[in-house]
$ cat input-v7.txt   # compact mmCIF, C-alpha atoms
# COMPACT_ATOMS: atom_id res chain seq x y z
CA MET H 10 -3.41 28.78 6.66
CA PRO H 11 -6.16 26.67 8.24
CA GLY H 12 -6.90 27.27 11.87
CA ASP H 13 -6.23 24.64 14.50
CA LEU H 14 -9.81 23.38 14.61
CA ALA H 15 -10.07 23.01 10.84
CA ALA H 16 -6.73 21.24 10.81
CA LEU H 17 -7.85 18.85 13.51
CA LEU H 18 -11.10 18.14 11.66
CA ALA H 19 -9.23 17.49 8.43
CA ILE H 20 -6.85 15.06 10.10
CA ALA H 21 -9.77 13.31 11.78
CA LEU H 22 -11.63 13.09 8.46
CA VAL H 23 -8.66 11.59 6.64
CA ALA H 24 -8.03 9.19 9.52
CA LEU H 25 -11.68 8.06 9.67
CA VAL H 26 -12.06 7.58 5.92
CA THR H 27 -8.79 5.66 5.78
CA TYR H 28 -9.68 3.44 8.72
CA GLY H 29 -13.17 2.99 7.31
CA SER H 30 -11.76 1.78 4.04
CA ARG H 31 -9.59 -0.67 5.93
CA ILE H 32 -12.47 -2.32 7.76
CA ALA H 33 -15.21 -1.98 5.14
CA GLY H 34 -14.11 -4.86 2.95
CA ALA H 35 -14.02 -7.42 5.71
CA LEU H 36 -17.27 -6.22 7.28
CA ILE H 37 -19.10 -6.40 3.96
CA MET H 38 -17.74 -9.84 3.25
CA SER H 39 -18.84 -11.16 6.64
CA ARG H 40 -22.42 -10.86 5.47
CA ILE H 41 -21.91 -12.83 2.26
CA GLU H 42 -21.61 -16.58 1.87
CA THR H 43 -18.27 -17.67 0.44
CA SER H 44 -17.97 -20.00 -2.48
CA PRO H 45 -15.06 -21.28 -4.55
CA ARG H 46 -15.94 -18.70 -7.19
CA ILE H 47 -15.82 -15.85 -4.67
CA SER H 48 -12.54 -16.94 -3.11
CA GLN H 49 -11.01 -17.33 -6.54
CA PHE H 50 -12.18 -13.80 -7.31
CA LEU H 51 -10.66 -12.47 -4.09
CA ASP H 52 -7.38 -14.28 -4.70
CA ALA H 53 -7.07 -12.77 -8.14
CA LEU H 54 -8.20 -9.43 -6.75
CA ALA H 55 -5.36 -9.46 -4.25
CA VAL H 56 -2.58 -10.09 -6.74
CA SER H 57 -4.21 -7.70 -9.21
CA VAL H 58 -4.18 -4.82 -6.71
CA VAL H 59 -0.45 -5.21 -6.19
CA ALA H 60 0.15 -5.58 -9.93
CA ALA H 61 -1.91 -2.45 -10.55
CA LEU H 62 0.14 -0.53 -7.99
CA VAL H 63 3.39 -1.60 -9.63
CA ALA H 64 2.08 -0.67 -13.08
CA SER H 65 0.85 2.74 -11.91
CA ILE H 66 4.14 3.61 -10.26
CA ALA H 67 6.05 2.41 -13.31
CA ALA H 68 3.82 4.38 -15.67
CA ARG H 69 4.21 7.53 -13.60
CA GLY H 70 7.92 6.98 -13.32
CA GLY H 71 10.04 6.02 -16.25
CA LEU H 72 12.72 3.71 -17.50
CA LYS H 73 14.58 3.89 -14.23
CA GLU H 74 11.62 2.51 -12.30
CA ILE H 75 10.86 -0.08 -14.97
CA ALA H 76 14.45 -1.28 -14.95
CA ALA H 77 14.41 -1.59 -11.16
CA ILE H 78 11.09 -3.45 -11.26
CA VAL H 79 12.21 -5.91 -13.93
CA LEU H 80 15.44 -6.56 -12.08
CA ALA H 81 13.71 -6.98 -8.73
CA SER H 82 11.19 -9.39 -10.25
CA ALA H 83 13.92 -11.47 -11.88
CA VAL H 84 15.94 -11.62 -8.68
CA MET H 85 12.83 -12.64 -6.77
CA ILE H 86 12.08 -15.50 -9.15
CA GLY H 87 15.69 -16.55 -9.08
CA THR H 88 16.49 -16.28 -5.38
CA ARG H 89 13.02 -16.35 -3.75
CA SER H 90 14.27 -13.58 -1.51
CA ALA H 91 12.31 -10.35 -1.45
CA THR H 92 15.15 -8.65 0.39
CA TRP H 93 17.63 -9.38 -2.39
CA ALA H 94 15.02 -8.31 -4.91
CA MET H 95 14.62 -4.95 -3.17
CA LEU H 96 18.34 -4.41 -2.72
CA THR H 97 19.21 -5.12 -6.34
CA GLY H 98 16.33 -2.94 -7.48
CA MET H 99 17.53 -0.11 -5.29
CA LEU H 100 21.11 -0.47 -6.46
CA CYS H 101 19.91 -0.38 -10.05
CA ALA H 102 17.92 2.80 -9.42
CA ALA H 103 20.73 4.45 -7.48
CA ALA H 104 23.19 3.67 -10.27
CA TRP H 105 20.74 4.96 -12.85
CA THR H 106 20.28 8.19 -10.94
CA ALA H 107 24.01 8.59 -10.52
CA LEU H 108 24.69 7.96 -14.20
CA THR H 109 21.98 10.28 -15.50
CA THR H 110 22.49 13.36 -13.32
CA MET D 7 3.67 -11.65 15.49
CA LEU D 8 7.39 -11.24 16.00
CA ARG D 9 7.94 -13.22 12.83
CA GLY D 10 5.89 -10.68 10.94
CA MET D 11 7.82 -7.87 12.51
CA ARG D 12 11.10 -9.41 11.45
CA ARG D 13 9.88 -10.19 7.93
CA LEU D 14 8.76 -6.67 7.24
CA LEU D 15 11.63 -4.97 9.01
CA PRO D 16 13.62 -4.38 5.78
CA VAL D 17 10.63 -2.67 4.17
CA ALA D 18 9.85 -0.86 7.39
CA VAL D 19 13.35 0.56 7.69
CA PHE D 20 13.08 2.00 4.22
CA VAL D 21 9.74 3.55 5.12
CA ILE D 22 11.70 5.93 7.34
CA PRO D 23 12.94 8.10 4.46
CA PHE D 24 9.39 8.32 3.14
CA GLY D 25 8.20 9.31 6.58
CA ILE D 26 10.90 11.95 6.65
CA ALA D 27 9.78 13.18 3.23
CA PHE D 28 6.24 13.56 4.52
CA GLY D 29 7.39 15.32 7.66
CA VAL D 30 9.39 17.83 5.66
CA ALA D 31 6.57 18.40 3.15
CA ALA D 32 3.99 18.79 5.90
CA VAL D 33 5.95 21.48 7.70
CA GLU D 34 6.46 23.23 4.39
CA ARG D 35 2.69 23.28 3.87
CA GLY D 36 2.08 24.85 7.24
CA LEU D 37 1.37 21.94 9.51
CA SER D 38 2.83 22.09 12.95
CA ALA D 39 5.21 19.35 13.99
CA THR D 40 2.55 17.90 16.27
CA GLN D 41 -0.11 17.91 13.56
CA ALA D 42 2.16 16.08 11.14
CA VAL D 43 3.14 13.38 13.62
CA VAL D 44 -0.44 12.96 14.83
CA MET D 45 -1.55 12.61 11.24
CA SER D 46 0.99 9.90 10.51
CA ALA D 47 0.03 8.12 13.71
CA PHE D 48 -3.71 8.11 13.10
CA VAL D 49 -3.91 7.92 9.32
CA PHE D 50 -0.95 5.67 8.54
CA SER D 51 -1.28 6.10 4.79
CA GLY D 52 1.36 7.87 2.75
CA THR D 53 -0.81 8.42 -0.31
CA ALA D 54 -3.73 9.80 1.68
CA GLN D 55 -1.49 12.05 3.75
CA PHE D 56 0.38 13.54 0.81
CA ALA D 57 -2.93 14.10 -0.97
CA ALA D 58 -4.29 15.83 2.12
CA LEU D 59 -1.37 18.26 2.01
CA ASP D 60 -2.75 19.46 -1.32
CA PHE D 61 -5.91 20.51 0.48
CA TRP D 62 -4.11 22.39 3.24
CA ARG D 63 -5.42 25.91 2.68
CA GLU D 64 -8.05 28.26 4.06
CA PRO D 65 -10.83 27.12 3.88
CA ILE D 66 -10.37 23.36 3.72
CA ALA D 67 -12.55 21.63 1.13
CA PHE D 68 -13.64 18.82 3.43
CA LEU D 69 -15.92 17.00 0.99
CA SER D 70 -13.38 16.85 -1.81
CA LEU D 71 -10.70 15.82 0.63
CA GLY D 72 -12.87 13.00 1.96
CA LEU D 73 -13.68 11.72 -1.53
CA VAL D 74 -10.10 11.86 -2.69
CA VAL D 75 -8.89 9.95 0.34
CA LEU D 76 -11.64 7.38 -0.17
CA ALA D 77 -10.63 6.88 -3.79
CA LEU D 78 -6.96 6.63 -2.91
CA ASN D 79 -7.65 4.17 -0.15
CA GLY D 80 -10.40 2.29 -2.00
CA ARG D 81 -7.93 -0.47 -2.49
CA HIS D 82 -8.01 -1.02 1.26
CA ILE D 83 -11.60 -2.14 0.83
CA ILE D 84 -10.46 -4.67 -1.73
CA MET D 85 -7.54 -5.82 0.38
CA SER D 86 -9.74 -6.08 3.43
CA ALA D 87 -12.29 -8.10 1.46
CA ALA D 88 -9.53 -10.35 0.16
CA LEU D 89 -8.39 -11.05 3.70
CA SER D 90 -11.91 -11.48 5.02
CA PRO D 91 -11.90 -15.30 4.98
CA TRP D 92 -9.29 -15.23 7.71
CA LEU D 93 -10.28 -11.99 9.39
CA ASN D 94 -13.87 -12.97 9.87
CA ARG D 95 -12.87 -16.06 11.76
CA VAL D 96 -11.56 -14.02 14.66
CA GLY D 97 -13.48 -11.84 17.06
CA ILE D 98 -14.54 -8.35 16.03
CA GLY D 99 -12.13 -6.65 18.42
CA ARG D 100 -9.07 -8.44 17.07
CA ARG D 101 -10.34 -7.96 13.55
CA LEU D 102 -10.61 -4.19 13.97
CA LEU D 103 -7.18 -4.06 15.58
CA VAL D 104 -5.39 -5.97 12.83
CA LEU D 105 -7.19 -4.01 10.14
CA GLY D 106 -6.06 -0.74 11.67
CA PHE D 107 -2.56 -1.62 10.56
CA LEU D 108 -3.49 -2.82 7.09
CA SER D 109 -1.24 -1.39 4.45
CA ASP D 110 0.06 -2.31 1.01
CA ALA D 111 3.23 -3.85 2.36
CA ASN D 112 1.89 -6.13 5.06
CA PHE D 113 -1.07 -7.06 2.87
CA ALA D 114 1.22 -8.05 0.03
CA ASP D 115 3.24 -10.10 2.47
CA SER D 116 0.37 -11.69 4.33
CA ARG D 117 -1.63 -13.63 1.78
CA SER D 118 0.64 -16.64 1.33
CA GLY D 119 1.50 -16.60 5.00
CA LEU D 120 -2.14 -16.83 5.98
CA LYS D 121 -2.74 -19.79 3.70
CA ASP D 122 0.23 -21.72 5.05
CA SER D 123 -0.36 -20.95 8.69
CA ASP D 124 -4.13 -21.47 8.49
CA GLY D 125 -5.11 -18.02 9.43
CA ASP D 126 -2.59 -16.82 11.98
CA LEU D 127 -2.96 -13.05 11.83
CA GLY D 128 0.03 -12.45 14.09
CA PRO D 129 2.60 -11.85 11.34
CA MET D 130 0.30 -9.40 9.63
CA LEU D 131 -0.29 -7.47 12.82
CA GLY D 132 3.40 -7.54 13.70
CA GLY D 133 4.39 -6.38 10.24
CA GLY D 134 1.78 -3.64 10.38
CA ILE D 135 2.94 -2.40 13.76
CA VAL D 136 6.58 -2.17 12.77
CA LEU D 137 5.63 -0.34 9.57
CA TRP D 138 3.53 2.06 11.62
CA MET D 139 6.37 2.70 14.09
CA THR D 140 8.86 3.54 11.37
CA TRP D 141 6.34 5.69 9.51
CA VAL D 142 5.65 7.79 12.61
CA THR D 143 9.35 7.89 13.54
CA GLY D 144 10.28 9.00 10.02
CA THR D 145 7.68 11.75 10.13
CA ALA D 146 9.03 12.92 13.48
CA ILE D 147 12.55 13.06 12.11
CA GLY D 148 11.29 14.91 9.06
CA VAL D 149 9.56 17.64 10.98
CA LEU D 150 12.64 18.12 13.10
CA GLY D 151 14.78 18.95 10.12
CA GLY D 152 15.28 16.24 7.54
CA SER D 153 16.73 18.49 4.90
CA VAL D 154 20.23 17.49 5.95
CA LEU D 155 19.68 13.90 4.86
CA GLY D 156 19.58 14.60 1.16
CA HIS D 157 17.52 13.14 -1.63
CA PRO D 158 15.94 9.67 -1.52
CA GLU D 159 17.00 8.98 -5.09
CA THR D 160 20.69 8.94 -4.26
CA PHE D 161 20.50 5.56 -2.61
CA GLY D 162 17.59 4.18 -4.57
CA PHE D 163 15.11 4.72 -1.74
CA ASP D 164 12.59 6.05 -4.20
CA VAL D 165 12.04 2.58 -5.65
CA VAL D 166 12.18 0.39 -2.56
CA MET D 167 8.43 0.10 -2.10
CA VAL D 168 7.70 -0.68 -5.75
CA CYS D 169 10.49 -3.28 -5.81
CA PHE D 170 8.93 -4.99 -2.82
CA PHE D 171 5.56 -5.05 -4.59
CA ALA D 172 7.18 -6.31 -7.77
CA ALA D 173 8.78 -9.13 -5.81
CA VAL D 174 5.38 -10.13 -4.42
CA VAL D 175 3.80 -10.18 -7.88
CA ALA D 176 6.77 -12.11 -9.23
CA ARG D 177 6.27 -14.76 -6.58
CA HIS D 178 2.62 -15.14 -7.56
CA LEU D 179 3.43 -15.31 -11.24
CA GLN D 180 4.90 -18.72 -10.63
CA GLN D 181 1.30 -19.92 -10.43
CA ALA D 182 0.22 -20.02 -14.06
CA SER D 183 -3.38 -18.98 -13.48
CA ASN D 184 -2.17 -15.62 -12.19
CA VAL D 185 -0.26 -14.57 -15.27
CA VAL D 186 -3.07 -13.28 -17.48
CA PRO D 187 -4.96 -11.50 -14.67
CA VAL D 188 -1.74 -9.78 -13.60
CA ILE D 189 -1.08 -8.63 -17.16
CA VAL D 190 -4.66 -7.39 -17.51
CA ALA D 191 -4.54 -5.53 -14.20
CA ALA D 192 -1.18 -3.96 -14.97
CA MET D 193 -2.29 -2.82 -18.42
CA VAL D 194 -5.60 -1.39 -17.22
CA ALA D 195 -3.86 0.44 -14.38
CA ALA D 196 -1.21 1.93 -16.64
CA LEU D 197 -3.58 2.82 -19.48
CA THR D 198 -6.29 4.42 -17.31
CA LEU D 199 -3.78 6.38 -15.25
CA GLU D 200 -4.10 9.30 -17.63
CA TRP D 201 -7.85 9.76 -17.50
CA LEU D 202 -8.89 8.28 -14.19
CA PRO D 203 -7.98 10.11 -11.00
CA LEU D 204 -5.30 8.44 -8.91
CA GLY D 205 -6.73 5.59 -6.88
CA TRP D 206 -9.68 4.88 -9.13
CA ASN D 207 -7.44 3.38 -11.78
CA ILE D 208 -6.09 0.94 -9.20
CA ILE D 209 -9.59 -0.17 -8.19
CA LEU D 210 -10.67 -0.58 -11.81
CA ALA D 211 -7.53 -2.50 -12.69
CA ALA D 212 -7.85 -4.81 -9.70
CA LEU D 213 -11.47 -5.60 -10.56
CA ALA D 214 -10.52 -6.18 -14.18
CA GLY D 215 -7.79 -8.59 -13.17
CA ALA D 216 -10.03 -10.47 -10.76
CA LEU D 217 -12.89 -10.76 -13.26
CA THR D 218 -10.47 -11.99 -15.88
CA ALA D 219 -9.38 -14.78 -13.59
CA VAL D 220 -12.94 -15.84 -12.84
CA PHE D 221 -14.05 -15.74 -16.48
CA ARG D 222 -11.04 -17.70 -17.63
CA SER D 223 -11.66 -20.50 -15.20
CA ALA D 224 -15.34 -20.60 -16.11
CA ARG D 225 -14.49 -21.64 -19.64
$ encode --input "input-v7.txt" --output "structure tokens"
Amino acid sequence: MPGDLAALLAIALVALVTYGSRIAGALIMSRIETSPRISQFLDALAVSVVAALVASIAARGGLKEIAAIVLASAVMIGTRSATWAMLTGMLCAAAWTALTT
Amino acid sequence: MLRGMRRLLPVAVFVIPFGIAFGVAAVERGLSATQAVVMSAFVFSGTAQFAALDFWREPIAFLSLGLVVLALNGRHIIMSAALSPWLNRVGIGRRLLVLGFLSDANFADSRSGLKDSDGDLGPMLGGGIVLWMTWVTGTAIGVLGGSVLGHPETFGFDVVMVCFFAAVVARHLQQASNVVPVIVAAMVAALTLEWLPLGWNIILAALAGALTAVFRSAR
């Protein structure tokens, strides 16, 4: 079991790296000129990150997650409400869990 | 700022069970209650914190831990760069403050809001703060004995975050130019999950999606 000092250092390391990653992007970009091409790239980058997260979680999960995701997406397109999308997705997953265990 | 807090409150409330899960896992791995709560307060990243638990042994492999956290949180660099047009318009102090609360959820929520409101970072900061508060609170509850609350799966809590993300992507899919990049990013992320360490596949997929968009419009 790590001692108190090692634990503190580890927490500080994780905190610093995480915070660093949060500020790095903006700080780097402040030194570059923007152009329509760059902002288009960043726009696509933003939606791609979220899409990649969804795909990773779905791939690591299974049909239950995929079903919840598809349902949530459909509800979002239909109702334009993220809250309803989340709730229906959750209900779907809860029902799936209940029916398969 | 209050608007942001209200908008992300549903997601934030569901962060509590995840915070509890971390609190419970942390205590199981040998962290003290204080260490776990401090970690949630200063790191504010579920993926990084859970990964760090894997390294919690004697002696701690600091270098590997640092690299893993960097890879996992590499997407923060991308998100931060994506927000830079608005962030770099405000002073460095405010910039560093808002960025401290950057997370997947308030980033996903903030992009359209920033375009419409011409750069008001208040909602993003508000959303970030409320997410942070529930994350820390959840951790605190977890370390104090969350085992009584049962499994997240029972009520579908295990999918709440991914459903929120899916909703965000769905909203953007209504703009036709986003469809192919999203498909590319999703496929790259899913396909490289097996042979790229967690975190790197997200970065690669995001870059692939973004490059796809740029190349397609160049034709």
$ residues_around --input "input-v7.txt" --residues "Thr145 in chain D" --least-positions-apart "4" --cutoff "6 Å" --atoms "all atoms listed in the file" --output "PyMOL selection string"
chain D and resi 25-26+29+43
$ residues_around --input "input-v7.txt" --residues "Leu51 in chain H" --least-positions-apart "5" --cutoff "8 Å" --atoms "all atoms listed in the file" --output "list of chain:residue names"
D:Ala87, D:Ala88, D:Ala216
$ residues_around --input "input-v7.txt" --residues "Val26 in chain H" --least-positions-apart "5" --cutoff "9 Å" --atoms "all atoms listed in the file" --output "PDB file with C-alpha atoms, in the frame of the given file"
ATOM      1  CA  ALA H  21      -9.770  13.310  11.780  1.00  0.00           C
ATOM      2  CA  ARG H  31      -9.590  -0.670   5.930  1.00  0.00           C
TER       3      ARG H  31
ATOM      4  CA  VAL D  49      -3.910   7.920   9.320  1.00  0.00           C
ATOM      5  CA  GLY D  72     -12.870  13.000   1.960  1.00  0.00           C
ATOM      6  CA  LEU D  73     -13.680  11.720  -1.530  1.00  0.00           C
ATOM      7  CA  VAL D  75      -8.890   9.950   0.340  1.00  0.00           C
ATOM      8  CA  LEU D  76     -11.640   7.380  -0.170  1.00  0.00           C
ATOM      9  CA  ASN D  79      -7.650   4.170  -0.150  1.00  0.00           C
TER      10      ASN D  79
END
$ atom_distance --input "input-v7.txt" --atom1 "CA of Cys169 in chain D" --atom2 "CA of Glu74 in chain H"
8.8 Å
$ closest_residue --input "input-v7.txt" --among "D:Leu150, D:Leu102, D:Ala182, D:Ala18" --to "chain H" --atoms "all atoms listed in the file"
D:Leu102
$ atom_distance --input "input-v7.txt" --atom1 "CA of Phe113 in chain D" --atom2 "CA of Gly71 in chain H"
25.7 Å
$ atom_distance --input "input-v7.txt" --atom1 "CA of Leu197 in chain D" --atom2 "CA of Asn184 in chain D"
19.9 Å
$ axis_aligned_box --input "input-v7.txt" --around "range 68-74 of chain H" --padding-each-side "3 Å" --output "JSON"
{"center_x": 9.2, "center_y": 5.0, "center_z": -14.9, "size_x": 16.8, "size_y": 11.0, "size_z": 11.2}
$ closest_residue --input "input-v7.txt" --among "D:Ile98, D:Leu105, D:Val186, D:Val142" --to "chain H" --atoms "only C-alpha atoms"
D:Leu105
$ residues_around --input "input-v7.txt" --residues "Ala111 in chain D" --least-positions-apart "6" --cutoff "12 Å" --atoms "all atoms listed in the file" --output "PDB file with C-alpha atoms, in the frame of the given file"
ATOM      1  CA  VAL H  58      -4.180  -4.820  -6.710  1.00  0.00           C
ATOM      2  CA  VAL H  59      -0.450  -5.210  -6.190  1.00  0.00           C
ATOM      3  CA  LEU H  62       0.140  -0.530  -7.990  1.00  0.00           C
ATOM      4  CA  ALA H  91      12.310 -10.350  -1.450  1.00  0.00           C
TER       5      ALA H  91
ATOM      6  CA  GLY D  10       5.890 -10.680  10.940  1.00  0.00           C
ATOM      7  CA  MET D  11       7.820  -7.870  12.510  1.00  0.00           C
ATOM      8  CA  ARG D  13       9.880 -10.190   7.930  1.00  0.00           C
ATOM      9  CA  LEU D  14       8.760  -6.670   7.240  1.00  0.00           C
ATOM     10  CA  LEU D  15      11.630  -4.970   9.010  1.00  0.00           C
ATOM     11  CA  PRO D  16      13.620  -4.380   5.780  1.00  0.00           C
ATOM     12  CA  VAL D  17      10.630  -2.670   4.170  1.00  0.00           C
ATOM     13  CA  ALA D  18       9.850  -0.860   7.390  1.00  0.00           C
ATOM     14  CA  PHE D  20      13.080   2.000   4.220  1.00  0.00           C
ATOM     15  CA  VAL D  21       9.740   3.550   5.120  1.00  0.00           C
ATOM     16  CA  SER D  51      -1.280   6.100   4.790  1.00  0.00           C
ATOM     17  CA  GLY D  52       1.360   7.870   2.750  1.00  0.00           C
ATOM     18  CA  HIS D  82      -8.010  -1.020   1.260  1.00  0.00           C
ATOM     19  CA  MET D  85      -7.540  -5.820   0.380  1.00  0.00           C
ATOM     20  CA  ARG D 117      -1.630 -13.630   1.780  1.00  0.00           C
ATOM     21  CA  MET D 130       0.300  -9.400   9.630  1.00  0.00           C
ATOM     22  CA  LEU D 131      -0.290  -7.470  12.820  1.00  0.00           C
ATOM     23  CA  GLY D 132       3.400  -7.540  13.700  1.00  0.00           C
ATOM     24  CA  GLY D 133       4.390  -6.380  10.240  1.00  0.00           C
ATOM     25  CA  GLY D 134       1.780  -3.640  10.380  1.00  0.00           C
ATOM     26  CA  ILE D 135       2.940  -2.400  13.760  1.00  0.00           C
ATOM     27  CA  VAL D 136       6.580  -2.170  12.770  1.00  0.00           C
ATOM     28  CA  LEU D 137       5.630  -0.340   9.570  1.00  0.00           C
ATOM     29  CA  TRP D 138       3.530   2.060  11.620  1.00  0.00           C
ATOM     30  CA  VAL D 166      12.180   0.390  -2.560  1.00  0.00           C
ATOM     31  CA  MET D 167       8.430   0.100  -2.100  1.00  0.00           C
ATOM     32  CA  VAL D 168       7.700  -0.680  -5.750  1.00  0.00           C
ATOM     33  CA  CYS D 169      10.490  -3.280  -5.810  1.00  0.00           C
ATOM     34  CA  PHE D 170       8.930  -4.990  -2.820  1.00  0.00           C
ATOM     35  CA  PHE D 171       5.560  -5.050  -4.590  1.00  0.00           C
ATOM     36  CA  ALA D 172       7.180  -6.310  -7.770  1.00  0.00           C
ATOM     37  CA  ALA D 173       8.780  -9.130  -5.810  1.00  0.00           C
ATOM     38  CA  VAL D 174       5.380 -10.130  -4.420  1.00  0.00           C
TER      39      VAL D 174
END
$ closest_residue --input "input-v7.txt" --among "D:Leu103, D:Ala224, D:Ala191, D:Val149" --to "Ala39 in chain D" --atoms "all atoms listed in the file"
D:Val149
$ residues_around --input "input-v7.txt" --residues "Ile209 in chain D" --least-positions-apart "2" --cutoff "8 Å" --atoms "only C-alpha atoms" --output "PyMOL selection string"
(chain H and resi 58) or (chain D and resi 80-81+84+205-207+211-213)
$ closest_residue --input "input-v7.txt" --among "D:Val30, D:Ile22, D:Ala146, D:Ala214" --to "chain H" --atoms "all atoms listed in the file"
D:Ala214
$ residues_near_point --input "input-v7.txt" --point "(8.4, -19.7, -13.2)" --cutoff "12 Å" --atoms "all atoms listed in the file" --output "ChimeraX atom specification"
/H:82-89 /D:175-185
$ write_last_selection --input "input-v7.txt" --atoms "C-alpha atoms" --output "CSV table (one decimal), in the coordinates of the input"
chain,number,residue,atom,x,y,z
H,82,SER,CA,11.2,-9.4,-10.2
H,83,ALA,CA,13.9,-11.5,-11.9
H,84,VAL,CA,15.9,-11.6,-8.7
H,85,MET,CA,12.8,-12.6,-6.8
H,86,ILE,CA,12.1,-15.5,-9.2
H,87,GLY,CA,15.7,-16.6,-9.1
H,88,THR,CA,16.5,-16.3,-5.4
H,89,ARG,CA,13.0,-16.4,-3.8
D,175,VAL,CA,3.8,-10.2,-7.9
D,176,ALA,CA,6.8,-12.1,-9.2
D,177,ARG,CA,6.3,-14.8,-6.6
D,178,HIS,CA,2.6,-15.1,-7.6
D,179,LEU,CA,3.4,-15.3,-11.2
D,180,GLN,CA,4.9,-18.7,-10.6
D,181,GLN,CA,1.3,-19.9,-10.4
D,182,ALA,CA,0.2,-20.0,-14.1
D,183,SER,CA,-3.4,-19.0,-13.5
D,184,ASN,CA,-2.2,-15.6,-12.2
D,185,VAL,CA,-0.3,-14.6,-15.3
$ closest_residue --input "input-v7.txt" --among "D:Ile147, D:Val96, D:Met193, D:Thr53" --to "chain H" --atoms "all atoms listed in the file"
D:Met193
